[in-house]
Structures are given as C-alpha cells and as structure tokens.
Amino acid sequence: MATAQTSISEPAAAAPVATAPAPVAAPSAQPADAPGASEIVVTANKREQKLSDVGLSVAVVGGEALKNQKISSLADIANTVPGLSFTQTANNSPVYTLRGVGFYETSIGAYPTVPVYIDEFPLSFPVTTSHSSFDLERIEVLKGPQGTLFGQNATGGAINYIAAKPTRDFHAGIEGSYGRFSTADTEAYVSGAITDTLLARVSGRFDHIDGWQVSNTRPGDRNGRSNTYAGRLLLDFRPVDRLRFNLDVNGWRETGETQSLQYVATLPQQPQLGPNVASQSFSPRTPRAADWTPGLPYKNNSMFQAALRTDFDVTDAVTLTSLTSYVRYTQNQRSESDGLPAESLDLTMNSGRIHSFSQELRLSNGGNHPFRWVLGSNYEHSKVDQEIQVNCNDSSTAPLFFPACGPNYTSNQRMTNYAFFGNAEYDITRMLTLKGGVRYTESRRHADLCTRDIQDSPDVGDFFYNILLGGAFGAYRRGDCYVINDQGTTINGVAPGAPGPYAASLNEHNVSWRVGVDFKPKPGLLIYGNVSKGYKAGSFPAVSASTFTQFLPVKQESVQAYEGGIKASLFDRTVDVTAAGYYYDYKNKQLRSKTDAPPFGILDILQNIPKSDVKGAELQVDARPFRGLSTSVAFTYTDAEIKKFTGINAAGVAADFEGTRVPFTPKYQVSFNADYTTPVSEHLKAFVGGTVSYRSGTVAVVGGDIAPPTTASAVGNPELISGYALVDLRAGVASRDDRWRLSVYGKNVFNKYYWTNVVAAFDTIGRYAGMPGTYGVSLAFKY
C-alpha cells in the first residue's frame, strides 16, 4: 500500500522529484488552486520510478509533512505509517515492527528486521538512526521482505530516508518553533552552486526539551530533558558528463536524560521482595508520572556517517554505481529499568561503540528500457562493543550476594557479510511486466561475551566461586568472568562445569529471492502480485548470564511472503486508491525471552520461535474533492499469530504459546487526515488540518494475554498494551508564494495516556508511556 507524500521541498536539479497529494498523516501539499495530484517519485527499486508504477507496498511521507506535523522522532514516524510500530527499550535500542515482523532485542549490536538507510546507505544498527530524520525530501517505507535489493536483514521491510539534495540555484531556509515543556526546535539549510560542477547543501537541526516526567515521590524532580544537535553536508560533484560524485557527511549528538518507566506490577525473582521495593506505591497511570533513582538517568550519545556515492556511465545505457559508507556510534548513558527510586535494577553504566563499514558495487541499465536489470555485490564489516554495569542492591536476589549486587557484562562482536545480487524487470507487453530478483548472502559473526564483578567488594563473583562452584577454582579474582559452562563440552578453552569467558562464531548463508508480475490494463491502474523470501542473520545476546546457555545465539530467521495489490487513479486523478493483501510464512522468529536460572530466578536469553504466520490487508483512499482540500483515510488489518513455540516468555510465563499473538502488532490501524488551504488575500493564504490515528491493543511479549505470576498489579495483566487514538491539529497563515509560514500546532491534543512497551525487570514490571499532549507555535522563512 502506498501512502502519498507532500510536495518535495527544493529537489536536486539533477534528479527532480514531483509534488504529490497529502498522505494519511500529511498536510496538503497542493496550493489552493492546484487542479489535481502530481506523481510521487520513489527509489524502492534503487532507481527513480513513479510510485504508481511500483508493484509493491511503499508508504511515503514527504518533507513538508515531516515539518508541518513536527515529525522528528522514531515514534512519530511509526505513528504516521500504518502497519509500522515503534518500541522503546531499556537500553535505548529502538525496535521497529512492520506487519508483525520485528526483532525485540536491546543489544546495540542486534541487526533489525526493518533496517534504515539514508539515500540507500545503511544505518545497520537501530541506535544509529535516532536523529537522522531532518532536512529530508521524503521517507520511504518498503513493506515486506526486501532481501534482494536491500540486504539479508530486511525480513520486515526497509526504511529509506531521502535527504533534500543540493540545488543549482541559491536557496536557504530556517524554521523555529517553541512549545510546551520549553520545547525549542530550529532547523536551517543553505543550498546552491559553488562552481559549475560542484553543488552543496548544508543543513542543521537543534532540538531541546525540558524534563517532562514528574517524580512520584519527589514532586519537584523532573526527568526527560534532552538536547540534540544534528548536521549534514551534501556535495554533488560532476567533473565530466559521465562521472558523478555525491558525498554525504552527517551526524548527531544527544545529551540529557533517558526516559524512565512507570512501575505498575511486581514480579519477584525470590519469595520475598526487598523492603525498599515492597514499600513503593505503583505509579499513577497518567502520561507524565514516573520515578527514578535520583541523578541516575543520563545520556551522551553520538553518531557520525560519511558516505560517498559514485556513478559512472560505462555506456549511454549502463551505469556503474559505488556506495561506500562508514558509520561510528558512541554511547555513554545510564538507564532506569525498574521505575523506582529504589535500586532493584539500575543500569549505572551502559556504554558502547559501533564501527561499521559497507561497500556496494552494482551495474544497472536504468529505467528507460523494456528489460531493466541490476547486478551487484555488497560487503559489510562491523565492530560492536558494549559494557553494562547493573546495580541491583534492593532486589530480592541481592541477599544471595550480600552486601552488594552489581554484575557487569560485556559483549564484543565482529560481523562480516558478503552478498551478490541481481534484479530484473521485463515488459512482455505494454501492459504486462515480469519481475525477479535473487541474492546470495554469507554472514559471519564472532562474539566474546562475559559477565563479571568489577566492584571493590566482588560479592557476586565470590558467590559463584565460593557457593555455586564450592571453592573448586580457588578464590574469585576481581574482573574474571564467572559464568559457568553448562554445555557439556569445552568452549573457548573453558571445560564443562568451569567458569570463564564465552567465545563462539556463527557462520550462515542463505538465498533471498523475489518473483512477481505487474499488470497495467489501462493508464492509472496497476495490479500486481509478488512472492518473496527474505532472511535475517542470527545473533548473540548481550546479557547478564549465570551459565553459557544464556550466551547461545539464535539462528537466522526467514519470511516467505505472498502479496497482491492494486493501485488506481480515478476521476481525473482526484481520487487515488491503493489496496494490498498479504500472507507471511514466518520461521525461526528471533526474540529476547527468558530462562529459569536457579537460584537467581528468570534471566534473559535469545530464542527462536519455530513457526508464526501473518495475514493482513491494507486499504487507502486519497481524495481531493474540491480545490484546496486534501483528505486521506487508511485502514490496516494484521493478524499475526504464533503457530509453534513452547518455553518461557519475557514475562517469566512458562507455557505452550501456540495460537498467541505476535508482540507489538495491533490487529487494526486506522488513520484519517484532512487539510484545507484557501487564499484570504492577494498575498496571503490560510490553512487548517488535522490527523486522527487509531491502533488497537496488542501485547508486549509472546503470550502476553497470559498474566504473569505477579504478586501485585495495579493494572490487571500488565503485559497488555491497550489500544489508543491520537489527535493532532494544526492551523496557520502563509504567503501565497510560501516564502514564510506562521502556524500553531497540537500533538496528542486530548492528552491521551498510552504506552508503547512493557518491560519485566528482576522484581518489577514497568511501562514506557507515550508523550503527553504538546502544543506550540512555529515560524518558517525560505529564500
């Protein structure tokens, strides 16, 4: 299904992109006197095409919609695109789930099922994507497995940020807004020609918000303050007609405080809760309520990317393209994992580093031939290191280690991926096109994992060596890995029954493919069908472990997808209809789960769900019934179900989970958008718009409909995520030539209380609440 976009601001002179009607969550891009809709151009097949000619589901949100609706966060993007869900995690690793396909894993080194790209350059790990959605022409969300063109990890889909490109003429713009919680956003750009062969664009963004969470026990204390600085430099250099270079240097830095949870239930690891936890009251169920250990939440994270695209026209019909990218991410933060001023589970250090290099080479013959083909190869090498220090002195498990409970765990991983791919389309007739693609991928991952005690008084390490191991290995030495090998064979030189570091490698290969047909019986009508298969590589966890069982990897997962759809333009292009139906055969779904690890209780592991399936349908109607008015309504139905899985879920429930729901997948999603623009004078126009979005309830864990064995809960079954509807409004005035614009906005104007995730941590269960109602005023100028 395709979500239309707004007009693309300042497209590149060499690659113009047309304007288009407003999407489900976008204000009108058409001027008041515009007769109809222009075509949207996308790069879903790694070449520019009209969206109406692309035979697969692509949702598109334009740059003007991103600005006007204040869409700047990952959660905002998910609320905009039907079928897409965003999940916040305790370790700050965002998770996207698209049509029921997602990988809930908090390690920064976990590949997602819905990867993000900037102009086809990969941001391979979710934490690197947090603040890249600025100065964009549009965002493309490709639904369904994208393994042939966008890599072996895209089992759910792919998100492609299309940056606003340099222009030959001089252009500049600035926009600033101020709103509730002292929210201040400023974004600016300058674009133009430096020489006849060199174009440049420089853009930047600054975001600030004061603490919006209010402590339940300290009413004067606030949390959630954040400052974000982001910038991008784009250079387009054409030294000769056949050779083009496009350089993109971008990055961001975020400082402030990590979000805290709302404590809503107890889940004791031991029979008796610690007194400092037992004495706490549950959090009020309001958007701003939360609690945290004073002074704990903190973040200072940054990302840098340098990416070079080179295009060389080998002949008039064949182009060689090189995509070279390097990404560096640095994390230094502390997180509140129990939602309490007590220290049941606090992450007092969560540091990490990512270094990722990727290279793609491909040959293609463009889009002006009846037989269109792409041949290429990919290489990626990444290094991911993470270290987490836990403070659990108030937990029910702490008395085992008296007096201090403070494990430290590290994960050092190296990933190397090779791939060779081909994709082709052939127009048998003017109306009928056959499509096919294939990719061979080899994935290699090596992990060095350790849980240890680095405290001055290593009480956890002493417990392992003196109690669990009975002194057989002498006294514990501070900093040694104390995890016990329970696998019955020597691993990394560690004998069965002995403690030590875990090291292993995971080597996998697969063949992703896609076949399909496009039928165009008349202009403005496309009927398509696709069958595809995609894979996501296996993964090692970053967990606090007691035995090697918790360090074992999950193997690669696969999705075989069947999809059919229709795209139609009706009534002289005043109405556009898109619809799709899909079925996924989902095997070995990866997820973070639990294992019973006496005497500590229920601890984290990674597991595969042998079999799931997803059935669904999407419908969207965009209409421009009269001049100045754009409306859009979208409906998505997704039935995602576990077909085979027995184990312990992330809430500690042991069961056969056949027939239960796939987490973070609402069955129903509905969106409605309307925007109206009208002239009020020769030089002035007024506009008003609103968006309503609804998501039905879902669950936070596999088997979330089964209540966990809590000793107390303020909300019944705490693993449920209730359905919710959000309402956004906007209005303002602007010059007829759009040189300036003044607007007021409101997001979640009815202050709806909702949450996007529920986390079970040692003795507590907590919610991540969505943002409360916000409002403000915005002023923009363009030259």
# chains A, B, ... in the order shown; residues from 1 in each chain; ligands from 1
>>> select_by_dssp(residues="stretch 351-487 of chain A", states="alpha helix (DSSP H)", output="list in words")
Asp459, Val460, Gly461 and Asp462 of chain A
>>> residues_around(residues="A:Ser351", least_positions_apart="3", cutoff="7 Å", atoms="only C-alpha atoms", output="list in words")
Gln331, Asn332, Gln333, Gln386, Glu387 and Ile388 of chain A
>>> write_last_selection(atoms="N, CA, C and O atoms", output="mmCIF file, in the first residue's frame")
data_model
loop_
_atom_site.group_PDB
_atom_site.id
_atom_site.type_symbol
_atom_site.label_atom_id
_atom_site.label_comp_id
_atom_site.auth_asym_id
_atom_site.auth_seq_id
_atom_site.Cartn_x
_atom_site.Cartn_y
_atom_site.Cartn_z
ATOM 1 N N GLN A 331 28.173 5.483 22.614
ATOM 2 C CA GLN A 331 27.105 5.541 23.616
ATOM 3 C C GLN A 331 27.690 5.614 25.012
ATOM 4 O O GLN A 331 28.604 4.872 25.367
ATOM 5 N N ASN A 332 27.143 6.529 25.798
ATOM 6 C CA ASN A 332 27.518 6.665 27.203
ATOM 7 C C ASN A 332 26.267 7.110 27.948
ATOM 8 O O ASN A 332 25.896 8.281 27.899
ATOM 9 N N GLN A 333 25.609 6.173 28.613
ATOM 10 C CA GLN A 333 24.351 6.518 29.246
ATOM 11 C C GLN A 333 24.106 5.662 30.489
ATOM 12 O O GLN A 333 24.787 4.660 30.717
ATOM 13 N N GLN A 386 29.992 -3.448 23.785
ATOM 14 C CA GLN A 386 29.048 -2.900 24.746
ATOM 15 C C GLN A 386 29.401 -3.395 26.145
ATOM 16 O O GLN A 386 29.777 -4.558 26.338
ATOM 17 N N GLU A 387 29.283 -2.492 27.125
ATOM 18 C CA GLU A 387 29.519 -2.839 28.522
ATOM 19 C C GLU A 387 28.413 -2.232 29.363
ATOM 20 O O GLU A 387 28.086 -1.044 29.231
ATOM 21 N N ILE A 388 27.834 -3.051 30.244
ATOM 22 C CA ILE A 388 26.728 -2.618 31.094
ATOM 23 C C ILE A 388 27.027 -2.998 32.542
ATOM 24 O O ILE A 388 27.405 -4.136 32.833
#
>>> closest_residue(among="A:Ala59, A:Leu570, A:Val460, A:Cys481", to="A:Ala634", atoms="only C-alpha atoms")
A:Ala59
>>> residues_around(residues="A:Val701", least_positions_apart="2", cutoff="8 Å", atoms="only C-alpha atoms", output="short mmCIF file (atom, residue, chain, number, x, y, z; two decimals) with N, CA, C and O atoms, in the first residue's frame")
data_model
loop_
_atom_site.label_atom_id
_atom_site.label_comp_id
_atom_site.auth_asym_id
_atom_site.auth_seq_id
_atom_site.Cartn_x
_atom_site.Cartn_y
_atom_site.Cartn_z
N ASN A 649 8.33 -17.02 28.35
CA ASN A 649 8.33 -15.73 27.65
C ASN A 649 9.06 -14.67 28.46
O ASN A 649 9.56 -14.92 29.55
N ALA A 650 9.11 -13.45 27.92
CA ALA A 650 9.88 -12.38 28.54
C ALA A 650 9.28 -11.88 29.84
O ALA A 650 9.89 -11.08 30.55
N ALA A 651 8.06 -12.35 30.18
CA ALA A 651 7.45 -12.01 31.47
C ALA A 651 7.59 -13.15 32.48
O ALA A 651 7.02 -13.07 33.57
N VAL A 662 1.54 -12.26 18.07
CA VAL A 662 2.89 -11.74 17.90
C VAL A 662 2.95 -10.36 18.55
O VAL A 662 2.07 -9.52 18.32
N PRO A 663 3.96 -10.08 19.37
CA PRO A 663 4.01 -8.80 20.08
C PRO A 663 4.12 -7.59 19.15
O PRO A 663 4.59 -7.69 18.01
N VAL A 699 0.18 -6.88 22.54
CA VAL A 699 0.87 -7.41 23.72
C VAL A 699 2.35 -7.07 23.63
O VAL A 699 2.89 -6.85 22.54
N GLY A 703 2.73 -14.44 24.15
CA GLY A 703 1.87 -14.94 25.22
C GLY A 703 1.47 -13.88 26.22
O GLY A 703 1.10 -14.19 27.35
N GLY A 704 1.49 -12.62 25.79
CA GLY A 704 1.17 -11.54 26.71
C GLY A 704 -0.25 -11.56 27.22
O GLY A 704 -0.57 -10.88 28.21
N GLU A 719 1.06 -7.03 30.92
CA GLU A 719 1.74 -7.22 29.64
C GLU A 719 0.90 -6.78 28.44
O GLU A 719 1.34 -6.90 27.30
#
>>> residues_around(residues="A:Gly366", least_positions_apart="2", cutoff="9 Å", atoms="only C-alpha atoms", output="PDB file with C-alpha atoms, in the first residue's frame")
ATOM      1  CA  ARG A  47      16.194   3.699  -9.358  1.00  0.00           C
ATOM      2  CA  GLU A  48      13.710   6.537  -9.701  1.00  0.00           C
ATOM      3  CA  ALA A 317      22.728   2.708 -21.279  1.00  0.00           C
ATOM      4  CA  VAL A 318      24.811   1.150 -18.453  1.00  0.00           C
ATOM      5  CA  THR A 319      25.887   2.794 -15.189  1.00  0.00           C
ATOM      6  CA  SER A 364      22.368  -1.209 -13.992  1.00  0.00           C
ATOM      7  CA  ASN A 368      14.153   3.559 -19.931  1.00  0.00           C
ATOM      8  CA  HIS A 369      14.367   0.055 -21.382  1.00  0.00           C
ATOM      9  CA  ARG A 372      15.707  -3.387 -16.817  1.00  0.00           C
ATOM     10  CA  TRP A 373      18.376  -5.088 -14.758  1.00  0.00           C
ATOM     11  CA  VAL A 374      20.685  -4.597 -11.794  1.00  0.00           C
TER      12      VAL A 374
END
>>> closest_atom_pairs(of="stretch 263-305 of chain A", to="stretch 737-751 of chain A", cutoff="12 Å", atoms="only C-alpha atoms", output="JSON lines")
{"residue": "A:Thr286", "atom": "CA", "partner": "A:Asn751", "partner_atom": "CA", "distance": 9.2}
{"residue": "A:Pro287", "atom": "CA", "partner": "A:Asn751", "partner_atom": "CA", "distance": 7.7}
{"residue": "A:Arg288", "atom": "CA", "partner": "A:Asn751", "partner_atom": "CA", "distance": 10.1}
>>> closest_residue(among="A:Asn417, A:Thr595, A:Thr578, A:Ser778", to="A:His381", atoms="only C-alpha atoms")
A:Asn417
>>> residues_around(residues="A:Ser215", least_positions_apart="6", cutoff="6 Å", atoms="only C-alpha atoms", output="PyMOL selection string")
chain A and resi 221+290-291
>>> select_by_dssp(residues="stretch 162-258 of chain A", states="strand (DSSP E or B)", output="JSON, numbers by chain")
{"A": [162, 163, 171, 172, 173, 174, 175, 176, 177, 178, 179, 183, 184, 185, 186, 187, 188, 189, 190, 191, 192, 193, 198, 199, 200, 201, 202, 203, 204, 205, 206, 207, 208, 209, 213, 214, 215, 222, 223, 226, 227, 228, 229, 230, 231, 232, 233, 234, 235, 236, 237, 238, 239, 240, 243, 244, 245, 246, 247, 248, 249, 250, 251, 252, 253, 254, 255, 256]}
>>> write_last_selection(atoms="C-alpha atoms", output="mmCIF file, in the first residue's frame")
data_model
loop_
_atom_site.group_PDB
_atom_site.id
_atom_site.type_symbol
_atom_site.label_atom_id
_atom_site.label_comp_id
_atom_site.auth_asym_id
_atom_site.auth_seq_id
_atom_site.Cartn_x
_atom_site.Cartn_y
_atom_site.Cartn_z
ATOM 1 C CA ILE A 162 15.824 10.597 1.170
ATOM 2 C CA ALA A 163 17.821 13.698 2.068
ATOM 3 C CA HIS A 171 18.121 28.510 -1.675
ATOM 4 C CA ALA A 172 18.049 28.950 2.088
ATOM 5 C CA GLY A 173 15.521 28.427 4.806
ATOM 6 C CA ILE A 174 15.068 28.457 8.540
ATOM 7 C CA GLU A 175 12.261 27.280 10.765
ATOM 8 C CA GLY A 176 11.910 27.621 14.512
ATOM 9 C CA SER A 177 9.232 26.530 16.944
ATOM 10 C CA TYR A 178 8.558 26.791 20.656
ATOM 11 C CA GLY A 179 6.108 24.785 22.695
ATOM 12 C CA THR A 183 10.410 22.585 23.547
ATOM 13 C CA ALA A 184 12.555 24.529 21.096
ATOM 14 C CA ASP A 185 13.297 23.242 17.591
ATOM 15 C CA THR A 186 15.337 25.045 14.959
ATOM 16 C CA GLU A 187 16.177 23.706 11.514
ATOM 17 C CA ALA A 188 18.006 25.549 8.734
ATOM 18 C CA TYR A 189 19.623 24.891 5.362
ATOM 19 C CA VAL A 190 21.647 26.650 2.676
ATOM 20 C CA SER A 191 21.928 25.220 -0.838
ATOM 21 C CA GLY A 192 23.479 26.314 -4.101
ATOM 22 C CA ALA A 193 26.277 26.060 -6.644
ATOM 23 C CA LEU A 198 30.026 21.453 -7.686
ATOM 24 C CA LEU A 199 26.757 21.878 -5.761
ATOM 25 C CA ALA A 200 26.478 21.941 -1.993
ATOM 26 C CA ARG A 201 23.849 21.840 0.712
ATOM 27 C CA VAL A 202 24.452 22.395 4.422
ATOM 28 C CA SER A 203 21.703 21.783 6.954
ATOM 29 C CA GLY A 204 21.390 21.526 10.694
ATOM 30 C CA ARG A 205 18.873 20.980 13.440
ATOM 31 C CA PHE A 206 18.760 21.705 17.160
ATOM 32 C CA ASP A 207 16.107 20.259 19.495
ATOM 33 C CA HIS A 208 15.602 20.980 23.169
ATOM 34 C CA ILE A 209 13.020 19.780 25.658
ATOM 35 C CA GLN A 213 8.337 13.320 33.512
ATOM 36 C CA VAL A 214 7.354 14.090 37.112
ATOM 37 C CA SER A 215 8.695 12.029 40.019
ATOM 38 C CA ARG A 222 11.796 16.209 36.585
ATOM 39 C CA ASN A 223 13.242 13.781 34.042
ATOM 40 C CA SER A 226 17.219 16.423 26.099
ATOM 41 C CA ASN A 227 19.402 18.448 23.734
ATOM 42 C CA THR A 228 20.063 17.188 20.220
ATOM 43 C CA TYR A 229 22.437 18.668 17.656
ATOM 44 C CA ALA A 230 22.364 17.280 14.101
ATOM 45 C CA GLY A 231 24.032 18.342 10.864
ATOM 46 C CA ARG A 232 24.510 17.259 7.272
ATOM 47 C CA LEU A 233 26.809 18.338 4.415
ATOM 48 C CA LEU A 234 25.960 17.192 0.889
ATOM 49 C CA LEU A 235 28.259 17.741 -2.079
ATOM 50 C CA ASP A 236 27.359 16.886 -5.686
ATOM 51 C CA PHE A 237 30.389 16.970 -7.995
ATOM 52 C CA ARG A 238 30.236 16.324 -11.752
ATOM 53 C CA PRO A 239 33.725 16.758 -13.212
ATOM 54 C CA VAL A 240 32.694 15.254 -16.580
ATOM 55 C CA LEU A 243 31.035 10.777 -13.842
ATOM 56 C CA ARG A 244 29.158 11.933 -10.726
ATOM 57 C CA PHE A 245 30.141 12.020 -7.059
ATOM 58 C CA ASN A 246 27.709 12.562 -4.167
ATOM 59 C CA LEU A 247 29.226 12.970 -0.712
ATOM 60 C CA ASP A 248 27.066 12.888 2.433
ATOM 61 C CA VAL A 249 28.676 13.688 5.789
ATOM 62 C CA ASN A 250 26.142 13.726 8.593
ATOM 63 C CA GLY A 251 25.861 13.107 12.304
ATOM 64 C CA TRP A 252 24.179 13.965 15.570
ATOM 65 C CA ARG A 253 24.807 14.227 19.271
ATOM 66 C CA GLU A 254 22.229 13.828 22.015
ATOM 67 C CA THR A 255 22.691 14.757 25.661
ATOM 68 C CA GLY A 256 20.302 14.782 28.591
#
>>> closest_residue(among="A:Gly339, A:Ser539, A:Gly274, A:Ser132", to="A:Ser72", atoms="only C-alpha atoms")
A:Ser132
>>> residues_around(residues="A:Phe121", least_positions_apart="3", cutoff="10 Å", atoms="only C-alpha atoms", output="PDB file with N, CA, C and O atoms, in the first residue's frame")
ATOM      1  N   VAL A 116      17.263   0.787   8.418  1.00  0.00           N
ATOM      2  CA  VAL A 116      17.096   2.165   7.969  1.00  0.00           C
ATOM      3  C   VAL A 116      18.284   2.545   7.084  1.00  0.00           C
ATOM      4  O   VAL A 116      19.438   2.194   7.378  1.00  0.00           O
ATOM      5  N   TYR A 117      17.995   3.274   6.015  1.00  0.00           N
ATOM      6  CA  TYR A 117      19.008   3.744   5.073  1.00  0.00           C
ATOM      7  C   TYR A 117      18.861   5.250   4.889  1.00  0.00           C
ATOM      8  O   TYR A 117      17.757   5.799   5.000  1.00  0.00           O
ATOM      9  N   ILE A 118      19.963   5.918   4.619  1.00  0.00           N
ATOM     10  CA  ILE A 118      19.940   7.306   4.156  1.00  0.00           C
ATOM     11  C   ILE A 118      20.421   7.305   2.711  1.00  0.00           C
ATOM     12  O   ILE A 118      21.588   7.004   2.435  1.00  0.00           O
ATOM     13  N   SER A 124      23.116   0.367   9.882  1.00  0.00           N
ATOM     14  CA  SER A 124      22.854  -1.057  10.093  1.00  0.00           C
ATOM     15  C   SER A 124      22.294  -1.390  11.457  1.00  0.00           C
ATOM     16  O   SER A 124      21.695  -2.453  11.635  1.00  0.00           O
ATOM     17  N   PHE A 150      17.829  -4.721  -0.740  1.00  0.00           N
ATOM     18  CA  PHE A 150      18.222  -4.000   0.462  1.00  0.00           C
ATOM     19  C   PHE A 150      18.808  -4.897   1.544  1.00  0.00           C
ATOM     20  O   PHE A 150      18.900  -4.502   2.691  1.00  0.00           O
ATOM     21  N   ASN A 160      13.825   4.078   4.053  1.00  0.00           N
ATOM     22  CA  ASN A 160      14.845   4.829   3.322  1.00  0.00           C
ATOM     23  C   ASN A 160      14.584   6.320   3.499  1.00  0.00           C
ATOM     24  O   ASN A 160      13.559   6.839   3.049  1.00  0.00           O
ATOM     25  N   TYR A 161      15.514   7.008   4.190  1.00  0.00           N
ATOM     26  CA  TYR A 161      15.460   8.462   4.298  1.00  0.00           C
ATOM     27  C   TYR A 161      16.067   9.059   3.034  1.00  0.00           C
ATOM     28  O   TYR A 161      17.206   8.754   2.684  1.00  0.00           O
ATOM     29  N   ASP A 248      27.986  12.575   1.332  1.00  0.00           N
ATOM     30  CA  ASP A 248      27.066  12.888   2.433  1.00  0.00           C
ATOM     31  C   ASP A 248      27.819  12.665   3.741  1.00  0.00           C
ATOM     32  O   ASP A 248      28.201  11.539   4.068  1.00  0.00           O
ATOM     33  N   GLN A 305      28.400   9.676  10.201  1.00  0.00           N
ATOM     34  CA  GLN A 305      28.408   8.884   8.979  1.00  0.00           C
ATOM     35  C   GLN A 305      29.058   9.682   7.861  1.00  0.00           C
ATOM     36  O   GLN A 305      28.776  10.870   7.685  1.00  0.00           O
ATOM     37  N   ALA A 306      29.919   9.026   7.109  1.00  0.00           N
ATOM     38  CA  ALA A 306      30.485   9.579   5.877  1.00  0.00           C
ATOM     39  C   ALA A 306      30.174   8.597   4.758  1.00  0.00           C
ATOM     40  O   ALA A 306      30.498   7.405   4.862  1.00  0.00           O
ATOM     41  N   ALA A 307      29.512   9.080   3.710  1.00  0.00           N
ATOM     42  CA  ALA A 307      29.048   8.194   2.646  1.00  0.00           C
ATOM     43  C   ALA A 307      29.330   8.832   1.296  1.00  0.00           C
ATOM     44  O   ALA A 307      29.033  10.013   1.077  1.00  0.00           O
ATOM     45  N   LEU A 308      29.894   8.051   0.396  1.00  0.00           N
ATOM     46  CA  LEU A 308      30.237   8.536  -0.940  1.00  0.00           C
ATOM     47  C   LEU A 308      29.576   7.652  -1.986  1.00  0.00           C
ATOM     48  O   LEU A 308      29.764   6.428  -2.000  1.00  0.00           O
ATOM     49  N   ARG A 309      28.794   8.287  -2.842  1.00  0.00           N
ATOM     50  CA  ARG A 309      28.205   7.586  -3.996  1.00  0.00           C
ATOM     51  C   ARG A 309      28.920   8.039  -5.250  1.00  0.00           C
ATOM     52  O   ARG A 309      29.092   9.245  -5.491  1.00  0.00           O
ATOM     53  N   LEU A 323      28.690   2.555  -3.692  1.00  0.00           N
ATOM     54  CA  LEU A 323      28.201   3.148  -2.445  1.00  0.00           C
ATOM     55  C   LEU A 323      29.159   2.748  -1.330  1.00  0.00           C
ATOM     56  O   LEU A 323      29.240   1.575  -0.969  1.00  0.00           O
ATOM     57  N   THR A 324      29.886   3.723  -0.792  1.00  0.00           N
ATOM     58  CA  THR A 324      30.872   3.478   0.253  1.00  0.00           C
ATOM     59  C   THR A 324      30.471   4.255   1.493  1.00  0.00           C
ATOM     60  O   THR A 324      30.236   5.467   1.414  1.00  0.00           O
ATOM     61  N   SER A 325      30.381   3.572   2.630  1.00  0.00           N
ATOM     62  CA  SER A 325      29.869   4.230   3.834  1.00  0.00           C
ATOM     63  C   SER A 325      30.630   3.769   5.063  1.00  0.00           C
ATOM     64  O   SER A 325      30.995   2.597   5.188  1.00  0.00           O
ATOM     65  N   TYR A 326      30.846   4.722   5.973  1.00  0.00           N
ATOM     66  CA  TYR A 326      31.422   4.421   7.281  1.00  0.00           C
ATOM     67  C   TYR A 326      30.552   5.079   8.347  1.00  0.00           C
ATOM     68  O   TYR A 326      30.185   6.259   8.228  1.00  0.00           O
ATOM     69  N   VAL A 327      30.206   4.314   9.390  1.00  0.00           N
ATOM     70  CA  VAL A 327      29.380   4.815  10.485  1.00  0.00           C
ATOM     71  C   VAL A 327      30.098   4.558  11.799  1.00  0.00           C
ATOM     72  O   VAL A 327      30.613   3.447  12.033  1.00  0.00           O
ATOM     73  N   SER A 358      30.642  -0.295   5.008  1.00  0.00           N
ATOM     74  CA  SER A 358      29.908  -1.040   3.987  1.00  0.00           C
ATOM     75  C   SER A 358      30.305  -0.554   2.604  1.00  0.00           C
ATOM     76  O   SER A 358      30.663   0.609   2.408  1.00  0.00           O
ATOM     77  N   GLN A 359      30.238  -1.474   1.661  1.00  0.00           N
ATOM     78  CA  GLN A 359      30.575  -1.167   0.273  1.00  0.00           C
ATOM     79  C   GLN A 359      29.613  -1.917  -0.643  1.00  0.00           C
ATOM     80  O   GLN A 359      29.403  -3.120  -0.476  1.00  0.00           O
ATOM     81  N   GLU A 360      29.019  -1.190  -1.576  1.00  0.00           N
ATOM     82  CA  GLU A 360      28.188  -1.820  -2.602  1.00  0.00           C
ATOM     83  C   GLU A 360      28.683  -1.392  -3.967  1.00  0.00           C
ATOM     84  O   GLU A 360      29.001  -0.221  -4.190  1.00  0.00           O
TER      85      GLU A 360
END
>>> atom_distance(atom1="atom CA of A:Gly723", atom2="atom CA of A:Gly224")
24.4 Å
>>> closest_residue(among="A:Ile467, A:Tyr535, A:Phe401, A:Ala761", to="A:Thr266", atoms="only C-alpha atoms")
A:Ala761
>>> residues_around(residues="stretch 676-679 of chain A", least_positions_apart="2", cutoff="6 Å", atoms="only C-alpha atoms", output="ChimeraX atom specification")
/A:32,628-629,681,685-688
>>> closest_residue(among="A:Thr43, A:Ala734, A:Ser356, A:Gln69", to="A:Gly689", atoms="only C-alpha atoms")
A:Gln69
>>> closest_residue(among="A:Thr631, A:Gln487, A:Gln152, A:Thr691", to="A:Asp576", atoms="only C-alpha atoms")
A:Thr631
>>> decode(residues="stretch 763-775 of chain A", atoms="N, CA, C and O atoms", output="compact mmCIF listing (two decimals), in the first residue's frame")
# COMPACT_ATOMS: atom_id res chain seq x y z
N ASP A 763 12.40 -7.64 39.64
CA ASP A 763 11.26 -7.74 40.56
C ASP A 763 10.07 -6.87 40.15
O ASP A 763 9.06 -6.87 40.84
N THR A 764 10.19 -6.12 39.08
CA THR A 764 9.16 -5.14 38.74
C THR A 764 8.76 -5.25 37.27
O THR A 764 9.50 -5.80 36.45
N ILE A 765 7.60 -4.71 36.97
CA ILE A 765 7.14 -4.56 35.59
C ILE A 765 6.79 -3.10 35.39
O ILE A 765 6.08 -2.50 36.21
N GLY A 766 7.31 -2.52 34.30
CA GLY A 766 7.09 -1.11 34.07
C GLY A 766 6.69 -0.81 32.64
O GLY A 766 6.97 -1.59 31.71
N ARG A 767 6.04 0.32 32.44
CA ARG A 767 5.59 0.77 31.13
C ARG A 767 6.42 1.96 30.64
O ARG A 767 6.81 2.81 31.44
N TYR A 768 6.62 2.02 29.33
CA TYR A 768 7.13 3.23 28.69
C TYR A 768 5.95 4.01 28.13
O TYR A 768 5.33 3.60 27.14
N ALA A 769 5.63 5.12 28.78
CA ALA A 769 4.48 5.92 28.37
C ALA A 769 4.81 6.76 27.14
O ALA A 769 5.95 7.21 26.97
N GLY A 770 3.80 6.98 26.30
CA GLY A 770 3.95 7.89 25.17
C GLY A 770 3.94 9.33 25.63
O GLY A 770 3.53 9.65 26.76
N MET A 771 4.36 10.23 24.75
CA MET A 771 4.42 11.64 25.10
C MET A 771 3.02 12.19 25.41
O MET A 771 2.05 11.84 24.75
N PRO A 772 2.92 13.04 26.43
CA PRO A 772 1.64 13.70 26.70
C PRO A 772 1.35 14.74 25.62
O PRO A 772 2.12 14.93 24.67
N GLY A 773 0.22 15.43 25.78
CA GLY A 773 -0.14 16.46 24.81
C GLY A 773 0.90 17.57 24.76
O GLY A 773 1.40 18.03 25.79
N THR A 774 1.25 17.98 23.56
CA THR A 774 2.18 19.09 23.36
C THR A 774 1.57 20.07 22.37
O THR A 774 0.73 19.70 21.54
N TYR A 775 2.01 21.30 22.44
CA TYR A 775 1.49 22.34 21.56
C TYR A 775 2.53 23.44 21.46
O TYR A 775 3.43 23.56 22.30
